[in-house]
Structures are given as C-alpha cells and as structure tokens.
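Asks: The structure is given below, and queries will be raised subsequently.
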Amino acid sequence: MDSTKCRNVMTSVAAALSIGCAAAWLAGWLTDAGPWPVRAFLLSAAVVLAGSATALLVHHAGRSRRATERYFNALCEANPDSLGGLGAGTALPSPPAGAVWAEAANQLQERLAEFGRQIQELKHAQTVWDVRYRRAKAERDRVMAIFSNLAEPILAIDDYDELVLANRSAEEMFHFNSEKTESRALRQIVHCQKLIDLLTTTCHRKTPAKRSDELEVEDDEGHRRWYRVTALKLTGGQGRSGESAEAEDGATSQGAVAVLRDIGDQKALQKRNAEFVSAVSHEMKTPLAGIKAYVELLVDGDAEDEQTQEEFLDVINSQADRLQRLVDNMLNLARIEAGVVQVSKETRALNELLEEALNVVQPAAEAKQIELVADLSPMYLGVLADRDMLLQAAINLLSNAIKYTPAEGQVTLRSRLEGNEVRFEVQDTGVGLSEEDCRRVFEKFYRVNKNKEMAPGTGLGLPLAKHIVEDVHGGRLAATSTLGEGSVFAVTLPNAGQLT
Amino acid sequence: MSKRILLCDDEIHILRAAEFKLKRAGYEVRIAADGEEGWEAIQTEKPDVLITDCQMPRLDGLGLVQRVRKHAETADLPVLMLTAKGFELSHDEVGRKWNIRAVIAKPFSPRELLNLVNAIFQEEDSESATAVG
C-alpha cells in the first residue's frame with residue numbers, strides 16, 4: 001500500500017472512531033437519565049449511527065482515493081504528444097469533482113500541456129537537424145574524398161602554426177601521417193623551411209594576401225622535383241575554440257593554406273627552350289662570326305691581292321648560305337609541325353633517293369675520315385614519298401651519324417625489302433646512346449648531354465626526320481643503340497610496289 | 001724573334017680570319033682544330049699567348065685552360081677565349097676562375113683581337129722593363 005492510500009484509510013478510520021465515541025458518550029449520558037428500554041434504544045441508535053457514519057466515511061474515502069488514482073494514472077500514462085496536441089481537459093481526465101487539489105491539478109495539467117507542445121517542437125527540430133546533419137556529413141565526406149584524392153599537395157595551418165589539414169599527396173610528399181603524428185606543429189611535421197616560412201608569413205600578415213614561390217623538393221627516389229606553392233591567408237568565421245584573431249581589416253583569421261603544383265614539366269620545357277635558344281644562337285653566331293670577321297678584314301684592307309679578296313668573299317658567301325640553311329631547317333620543322341607544308345607524294349625508287357643523300361653527306365664524312373658504306377638492296381624498293389622531304393630525312397640521319405662517330409669510324413646505309421614494307425637504316429660505330437637517350441633523342445631541342453661538346457647541333461635534325469617519316473609518310477623511325485659501340489636509326493615505310 | 005700565338009677553334013674559317021690578321025701584324029701563328037690538338041701543340045712548343053674557342057670537339061676550351069693551369073710550365077700562359085655560347089657561360093666568372101685575360105663573344109672583330117694580343121705583349125714588356133730597371 002502506498003503512503004497516499006494509507007493516509008486516506010487512516011483519516012477515514014479516525015473520523016469513524018470520533019463519531020462512534022461521540023455517539024457512545026451521548027448514549028452513556030442518556031442511560032443515566034431514563035429507563036433501560038429508552039437507554040437501550042438510544043444506545044443502539046448511537047451504535048447504528050456511528051457504524052453508518054463510519055461506513056459512509058470509509059466509502060467516501062475509498063471513492064475519492066480511486067478517483068485520485070485514476071486521475072494520476074491517466075496523467076502518468078498520457079503521451080507527451082497528446083499533452084501538447086490536445087491540451088488540458090480533452091485527452092486527460094478532469095480532476096475529481098470537489099477535490100481540494102483540483103485547481104492545482106488544472107494548473108499542473110496546463111503546464112504539462114505546455115511541456116508537451118515544447119517537446120513536439122523539439123522533436124520536429126531534431127528531425128530537421130538530423131536531416132541537415134546527414135546531408136552535411138555526406139557533403140563533408142564527399143569534399144574530404146575529393147580533397148584527399150587531389151593530386152596537388154595541400155596543407156592548412158591555424159593561427160598557432162599548427163597543421164590542421166593535409167591531403168594524401170601532402171602526406172606522401174613530406175612523409176608523415178596526419179592521424180599518427182603526435183605533434184601538430186608545422187615545423188615538426190614538414191621539413192621544408194621555405195614552405196614553412198611561406199605559410200607562416202602568409203598566415204601572420206596583417207592583410208589578406210596570396211603569396212607564391214617555387215620550391216624544389218626531393219622525392220622518395222631522390223629525384224628533385226619543382227613545385228609552385230601558392231599560400232593564401234584564410235579569413236572569416238570563428239577561430240579555434242571560439243577564439244578569434246582579428247585581422248587588421250576586421251576579418252577573422254583562420255590560418256593559411258598552401259597548394260603545391262608540380263611544375264616539373266614546365267621547368268623541363270623552360271630548360272629545353274633555353275637550351276634550344278642557346279644552341280640556335282651558337283649555331284647562328286658561328287657563321288655570323290665568319291661574315292663579320294672577313295668583312296672587317298676586307299674593310300681594313302688586309303686582303304691586298306685580288307685572290308685573297310675573292311677567297312674572303314667566298315667565305316662570306318658560304319657562311320651566309322650556312323645561316324640560310326639553319327633558318328630553313330627551323331622553318332621546315334615549324335611548318336611541318338603546324339601542318340602548313342605542301343606535300344607532293346609520288347612513287348619513287350628508294351635506293352636512288354638514298355644514293356643522292358649519300359652524295360650530299362660524302363664531303364662531311366671525308367672531312368672526318370669516316371668510311372661511308374652503301375649496302376643497298378639490289379631489288380627495286382618503291383615508296384610513295386615526297387622526294388625532297390624524304391631526302392631531307394635521310395640526310396639528317398646520315399649527318400647525325402657522321403657527327404657522333406669519331407674519326408676513322410664507319411657509317412653504313414642499308415636498305416631492304418621486308419614483307420609489305422621497305423626498310424632503310426643508318427648504322428654507325430659512334431659513341432652510342434643510353435636507353436633514355438634512345439627514347440628522348442627525337443624530342444625537339446633534346447641533345448644528349450655528353451655529346452653536346454662533340455658536335456654542334458640544334459636538336460632539330462632527328463625530330464624533323466621523325467616528323468617526315470611518321471607524320472608525312474606514315475612510316476616508323478626508331479633508334480637502337482649500345483653505348484660505346486654505336487647506334488642504328490631504322491626507317492620503315494609502306495611498300496609502294498612498282499614505279500608508275 | 002716574333003711572338004708565338006696558338007689559335008684553337010673547330011671552325012676553319014674563324015681560324016683563317018684570326019690567323020690572317022695576326023700574321024699580318026708580324027706574329028708567328030699556329031692553329032689547332034680542337035682542345036686535344038691544342039694541348040699537343042702547347043706541349044711541343046709553348047706559345048706566348050693562347051687564343052681558344054670555348055665549344056670544341058674532344059676537348060673544349062675550358063678543359064684546355066684547366067690543363068694549362070694545372071701544369072707548372074704552362075700555368076702562367078696568357079689566355080684569350082672566344083665563345084659563341086650564350087647565357088649559360090658567365091664571362092666574368094670564367095675569366096676570374098681560370099685567369100683568362102679576356103672572354104671575347106662571337107661574332108668578334110679581328111681588329112679588337114689583335115689589339116688585345118698587342119696589349120698583352122705591351123704589358124709583359126713594361127713589366128720586364130720595370131723588373132730590369
């Protein structure tokens with residue numbers, strides 16, 4: 001039995017006993033005043049009255065207790081939703097009539113209804129926030145996935161120069177793992193002073209600014225790679241832990257971010273272009289030097305006799321021709337590359353064309369005491385070719401072989417029919433090429449480092465030959481070589497059959 | 001006895017122009033087609049001045065100057081360098097490092113080359129006179 005019920009029963013019993021005692025006292029007083037039948041009647045009446053009163057009190061107390069119990073049970077079982085949705089007096093039972101606490105119960109009920117409404121609002125808000133949270137989380141996961149997989153290394157620091165964000169590329173580049181790093185201090189994680197200085201300086205600048213610099217970093221294999229770093233001061237929103245570092249212009253500083261872009265290809269291109277310009281200038285200056293020197297000798301009257309004067313003028317003429325050839329070579333390559341060159345293809349005898357090329361380079365071979373061997377097929381080899389262009393390609397290949405073959409070496413020009421194709425190759429006993437040089441030797445402006453001093457060149461002869469063979473004639477040009485033994489440059493062209 | 005000058009260049013027409021100018025001025029001129037040939041000529045008979053091109057086959061001009069400076073007998077040989085090289089060669093730096101009297105950019109003036117050679121010999125003559133006096 002709970003305490004409320006016990007108290008109700010006790011109150012009812014006390015009331016009944018009081019009434020009974022009062023009745024007994026009245027009966028006792030009366031027994032002194034009359035005959036025994038009267039006293040007996042009165043005593044009985046007092047007992048009955050006391051019993052009835054007690055029964056009435058007990059009944060009343062029981063009913064009141066049950067009504068109270070029903071009311072509070074209903075109240076306890078009430079759904080918070082119904083509390084708010086329906087309000088007091090509808091879904092909930094009314095307090096028992098006449099109960100002294102009815103007013104208080106009504107007020108309580110109104111408060112409960114208010115709480116119910118608030119709970120409903122909170123539940124609605126929670127649903128909305130749940131949806132927003134899931135969307136935001138999905139969006140964040142997507143952004144982080146993109147960020148993480150970006151090829152460009154990205155690092156972000158806060159106002160305390162601590163690393164707050166780094167993608168996978170940055171971790172690989174600077175050899176750290178964001179999740180396992182104990183310290184967050186940028187200086188202890190990234191061992192690149194130039195990057196640290198750029199990021200921290202940008203972060204602590206008073207005005208928002210973008211700063212950029214070039215950075216050379218060594219990769220895992222020990223190769224040095226070039227990057228362009230762009231550092232940007234981050235502003236807006238709250239700083240770490242709600243603290244805010246106000247920049248001078250009022251924007252809130254959130255640290256700085258650095259994005260690194262690989263500029264290795266750009267650097268290599270710049271280097272190749274610089275080398276090309278240097279090679280071209282060297283090639284142009286040499287004949288110019290001859291022209292200038294001989295003109296000056298003539299002007300100064302150093303050439304007294306007519307024969308010497310003619311000799312000097314011949315030199316000037318030949319050097320001017322040399323200059324012309326260089327310019328033509330560069331223009332040819334540019335025109336072929338741009339696709340503006342006129343191509344006139346006819347079926348031609350390859351061997352005749354090769355013999356002509358041999359005649360052109362013969363003087364250069366003789367000057368270096370190089371034996372020029374013609375090992376041409378006895379069969380007719382027809383090719384659909386632009387005569388001048390294919391001749392140029394053959395001359396370039398032969399000239400290249402002569403340039404890089406030491407004196408008293410041998411250069412062989414060979415031609416063969418191979419199935420549906422014809423092949424000609426230039427084999428030399430020169431210095432040879434490494435595997436990498438074999439791959440790169442057809443790149444424009446590329447010159448093999450160790451051979452640069454061996455012979456002057458622009459790095460255009462072989463690229464031009466490759467363009468002519470592959471782009472103009474649909475053939476193939478490949479190089480094979482053994483360092484110190486020599487190289488073979490082989491051209492394969494479709495067989496065009498008989499002369500038409 | 002006329003002064004001896006050694007000219008090293010792989011471009012025959014450059015050699016001929018310089019040789020012609022210097023010979024007309026009364027110098028004894030020998031020529032070499034590359035650094036190796038030049039070094040052999042120096043060992044055979046030490047010249048009074050070496051004029052060398054920078055970019056040559058087999059042994060380039062700087063390689064030749066290094067050999068010259070390394071050997072005690074030739075370490076003090078006055079050197080003039082001709083070059084058609086571009087930005088990759090710092091004339092001042094090369095001149096200081098290898099004690100090259102002058103680095104002359106191509107296209108060059110034979111007249112100026114002769115003036116430089118004359119200046120070297122005049123300088124040497126005045127130094128000798130000071131030493132004797």
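Simple scheme: letters A, B, ... for chains in structure tokens order, numbers from 1 for residues in each chain, numbers from 1 for ligands in the order shown.
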Neighbouring residues of stretch 484-487 of chain A were defined as those with any atom within 10 Å, considering only C-alpha atoms; residues of the same chain fewer than 2 positions away were excluded. Please report them as an MDAnalysis selection string.
Replies: chainID A and resid 401 404:405 409:411 426:434 438 479:482 489:490
Asks: Store the residues picked out above, limited to all heavy atoms, as a short mmCIF file (atom, residue, chain, number, x, y, z; two decimals), in the first residue's frame.
Replies:
data_model
loop_
_atom_site.label_atom_id
_atom_site.label_comp_id
_atom_site.auth_asym_id
_atom_site.auth_seq_id
_atom_site.Cartn_x
_atom_site.Cartn_y
_atom_site.Cartn_z
N ALA A 401 74.71 10.64 -87.81
CA ALA A 401 75.64 9.52 -87.59
C ALA A 401 77.09 9.98 -87.77
O ALA A 401 77.97 9.62 -86.98
CB ALA A 401 75.32 8.39 -88.58
N TYR A 404 78.38 12.13 -84.72
CA TYR A 404 78.66 11.47 -83.45
C TYR A 404 79.46 10.18 -83.60
O TYR A 404 79.42 9.32 -82.72
CB TYR A 404 77.34 11.24 -82.68
CG TYR A 404 76.68 12.56 -82.38
CD1 TYR A 404 75.52 12.96 -83.05
CD2 TYR A 404 77.25 13.45 -81.48
CE1 TYR A 404 74.94 14.19 -82.81
CE2 TYR A 404 76.68 14.69 -81.23
CZ TYR A 404 75.53 15.06 -81.91
OH TYR A 404 74.98 16.28 -81.67
N THR A 405 80.14 10.05 -84.73
CA THR A 405 81.07 8.93 -84.90
C THR A 405 82.49 9.51 -84.92
O THR A 405 82.76 10.46 -85.66
CB THR A 405 80.77 8.20 -86.24
OG1 THR A 405 79.43 7.69 -86.18
CG2 THR A 405 81.74 7.06 -86.47
N GLY A 409 85.84 6.18 -88.08
CA GLY A 409 84.75 5.24 -87.82
C GLY A 409 84.03 4.88 -89.11
O GLY A 409 84.52 5.19 -90.21
N GLN A 410 82.89 4.24 -88.99
CA GLN A 410 82.17 3.78 -90.18
C GLN A 410 80.68 4.09 -90.04
O GLN A 410 80.10 3.91 -88.97
CB GLN A 410 82.36 2.27 -90.32
CG GLN A 410 81.92 1.74 -91.67
CD GLN A 410 82.13 0.23 -91.76
OE1 GLN A 410 81.46 -0.53 -91.08
NE2 GLN A 410 83.06 -0.18 -92.61
N VAL A 411 80.10 4.55 -91.14
CA VAL A 411 78.64 4.77 -91.18
C VAL A 411 78.11 3.97 -92.37
O VAL A 411 78.59 4.11 -93.50
CB VAL A 411 78.30 6.26 -91.34
CG1 VAL A 411 76.81 6.45 -91.57
CG2 VAL A 411 78.73 7.04 -90.10
N VAL A 426 70.42 3.55 -90.87
CA VAL A 426 71.74 4.15 -90.81
C VAL A 426 72.42 3.62 -89.56
O VAL A 426 71.94 3.82 -88.45
CB VAL A 426 71.64 5.70 -90.74
CG1 VAL A 426 73.03 6.32 -90.62
CG2 VAL A 426 70.93 6.24 -91.97
N GLN A 427 73.51 2.88 -89.79
CA GLN A 427 74.23 2.29 -88.65
C GLN A 427 75.59 2.96 -88.52
O GLN A 427 76.28 3.15 -89.52
CB GLN A 427 74.39 0.79 -88.90
CG GLN A 427 75.07 0.08 -87.74
CD GLN A 427 75.14 -1.42 -87.93
OE1 GLN A 427 74.87 -1.93 -89.02
NE2 GLN A 427 75.48 -2.12 -86.88
N ASP A 428 75.95 3.32 -87.28
CA ASP A 428 77.26 3.95 -87.10
C ASP A 428 78.07 3.23 -86.03
O ASP A 428 77.55 2.41 -85.29
CB ASP A 428 77.09 5.44 -86.75
CG ASP A 428 76.39 5.67 -85.43
OD1 ASP A 428 76.85 5.11 -84.42
OD2 ASP A 428 75.38 6.40 -85.40
N THR A 429 79.34 3.56 -85.98
CA THR A 429 80.22 3.00 -84.95
C THR A 429 80.58 4.13 -83.98
O THR A 429 81.72 4.28 -83.55
CB THR A 429 81.51 2.42 -85.58
OG1 THR A 429 82.14 3.46 -86.34
CG2 THR A 429 81.22 1.25 -86.48
N GLY A 430 79.57 4.93 -83.67
CA GLY A 430 79.77 6.14 -82.87
C GLY A 430 79.73 5.89 -81.37
O GLY A 430 79.89 4.76 -80.90
N VAL A 431 79.46 6.97 -80.63
CA VAL A 431 79.52 6.92 -79.17
C VAL A 431 78.34 6.18 -78.55
O VAL A 431 78.40 5.75 -77.40
CB VAL A 431 79.58 8.35 -78.57
CG1 VAL A 431 80.92 8.99 -78.87
CG2 VAL A 431 78.44 9.21 -79.11
N GLY A 432 77.27 6.00 -79.32
CA GLY A 432 76.10 5.28 -78.81
C GLY A 432 75.24 6.12 -77.88
O GLY A 432 75.62 7.22 -77.47
N LEU A 433 74.07 5.56 -77.57
CA LEU A 433 73.09 6.28 -76.74
C LEU A 433 72.64 5.39 -75.59
O LEU A 433 72.56 4.17 -75.75
CB LEU A 433 71.86 6.65 -77.57
CG LEU A 433 72.06 7.57 -78.77
CD1 LEU A 433 70.83 7.53 -79.66
CD2 LEU A 433 72.32 8.99 -78.29
N SER A 434 72.31 6.02 -74.47
CA SER A 434 71.74 5.25 -73.36
C SER A 434 70.28 4.93 -73.71
O SER A 434 69.74 5.47 -74.69
CB SER A 434 71.79 6.09 -72.08
OG SER A 434 70.90 7.17 -72.20
N CYS A 438 67.85 7.06 -76.16
CA CYS A 438 67.18 6.45 -77.33
C CYS A 438 65.71 6.87 -77.38
O CYS A 438 65.15 7.09 -78.45
CB CYS A 438 67.26 4.93 -77.25
SG CYS A 438 68.73 4.28 -78.01
N ALA A 479 65.19 4.22 -82.87
CA ALA A 479 66.63 4.15 -82.62
C ALA A 479 66.94 3.01 -81.67
O ALA A 479 66.22 2.80 -80.69
CB ALA A 479 67.10 5.47 -82.02
N THR A 480 67.98 2.24 -81.98
CA THR A 480 68.51 1.25 -81.05
C THR A 480 70.00 1.52 -80.92
O THR A 480 70.62 1.98 -81.89
CB THR A 480 68.28 -0.19 -81.55
OG1 THR A 480 68.75 -0.28 -82.90
CG2 THR A 480 66.83 -0.59 -81.49
N SER A 481 70.54 1.27 -79.74
CA SER A 481 71.94 1.65 -79.57
C SER A 481 72.61 0.87 -78.44
O SER A 481 71.95 0.36 -77.53
CB SER A 481 71.99 3.15 -79.25
OG SER A 481 73.33 3.58 -79.21
N THR A 482 73.92 0.81 -78.51
CA THR A 482 74.73 0.26 -77.43
C THR A 482 75.81 1.29 -77.14
O THR A 482 76.54 1.70 -78.05
CB THR A 482 75.38 -1.07 -77.85
OG1 THR A 482 74.36 -1.93 -78.36
CG2 THR A 482 76.08 -1.73 -76.67
N PHE A 489 69.61 3.80 -86.63
CA PHE A 489 68.36 4.52 -86.82
C PHE A 489 67.64 3.88 -88.00
O PHE A 489 68.15 3.94 -89.14
CB PHE A 489 68.63 6.01 -87.08
CG PHE A 489 69.05 6.74 -85.84
CD1 PHE A 489 70.36 6.69 -85.39
CD2 PHE A 489 68.14 7.47 -85.10
CE1 PHE A 489 70.75 7.35 -84.24
CE2 PHE A 489 68.51 8.14 -83.95
CZ PHE A 489 69.83 8.07 -83.51
N ALA A 490 66.51 3.22 -87.72
CA ALA A 490 65.83 2.44 -88.76
C ALA A 490 64.52 3.09 -89.16
O ALA A 490 63.69 3.45 -88.32
CB ALA A 490 65.57 1.04 -88.25
#
Asks: Enumerate as a list in words all residues of chain B assigned to strand (DSSP E) by DSSP on the backbone, naming them with the chain letters and numbers the document uses.
Replies: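 Of chain B, the ones in strand (DSSP E) are Arg4, Ile5, Leu6, Leu7, Cys8, Glu28, Val29, Arg30, Ile31, Ala32, Val49, Leu50, Ile51, Thr52, Asp53, Val79, Leu80, Met81, Leu82, Thr83, Ala102, Val103, Ile104 and Ala105 of chain B.
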Asks: Please report as number ranges by chain which residues of chain B come no farther than 10 Å from chain A, using only C-alpha atoms.
Replies: B: 10-18, 20-21, 24, 54-60, 83-88, 105-111
Asks: Find the residues near A:Glu216: any atom within 8 Å, counting only C-alpha atoms, skip ones fewer than 4 places away on the same chain, and give them as a VMD selection string.
Replies: chain A and resid 224 to 227
Asks: Name the residues in contact with stretch 367-384 of chain A at a cut-off of 8 Å, using only C-alpha atoms, excluding same-chain residues fewer than 5 positions from it; report them as an MDAnalysis selection string.
Replies: chainID A and resid 345:351 355 358 362 402 405:417 422 473 493:499
Asks: Might you pull out every residue within 10 Å of A:Ala478, with only C-alpha atoms counted and same-chain residues fewer than 4 positions away left off, and present them as an mmCIF file with C-alpha atoms, in the first residue's frame?
Replies:
data_model
loop_
_atom_site.group_PDB
_atom_site.id
_atom_site.type_symbol
_atom_site.label_atom_id
_atom_site.label_comp_id
_atom_site.auth_asym_id
_atom_site.auth_seq_id
_atom_site.Cartn_x
_atom_site.Cartn_y
_atom_site.Cartn_z
ATOM 1 C CA GLU A 425 68.711 2.102 -91.717
ATOM 2 C CA CYS A 438 67.183 6.454 -77.328
ATOM 3 C CA ARG A 439 63.668 7.313 -76.140
ATOM 4 C CA VAL A 441 66.507 11.679 -78.919
ATOM 5 C CA PHE A 442 63.526 12.501 -81.176
ATOM 6 C CA LYS A 466 60.763 11.660 -87.388
ATOM 7 C CA VAL A 488 71.077 2.170 -85.609
ATOM 8 C CA PHE A 489 68.355 4.523 -86.818
ATOM 9 C CA ALA A 490 65.826 2.439 -88.755
ATOM 10 C CA VAL A 491 63.090 3.777 -91.051
ATOM 11 C CA THR A 492 60.202 1.547 -92.115
#
Asks: Using Å and a single decimal, report how far atom CA of A:Gly475 sits from atom CA of A:Lys403.
Replies: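 Value for the atom CA of A:Lys403-atom CA of A:Gly475 distance: 24.7 Å.
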Asks: Could you check how far atom CA of B:Asp48 sits from atom CA of B:Arg67, in Å to one decimal?
Replies: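 For atom CA of B:Asp48 relative to atom CA of B:Arg67, the distance reads 16.1 Å.
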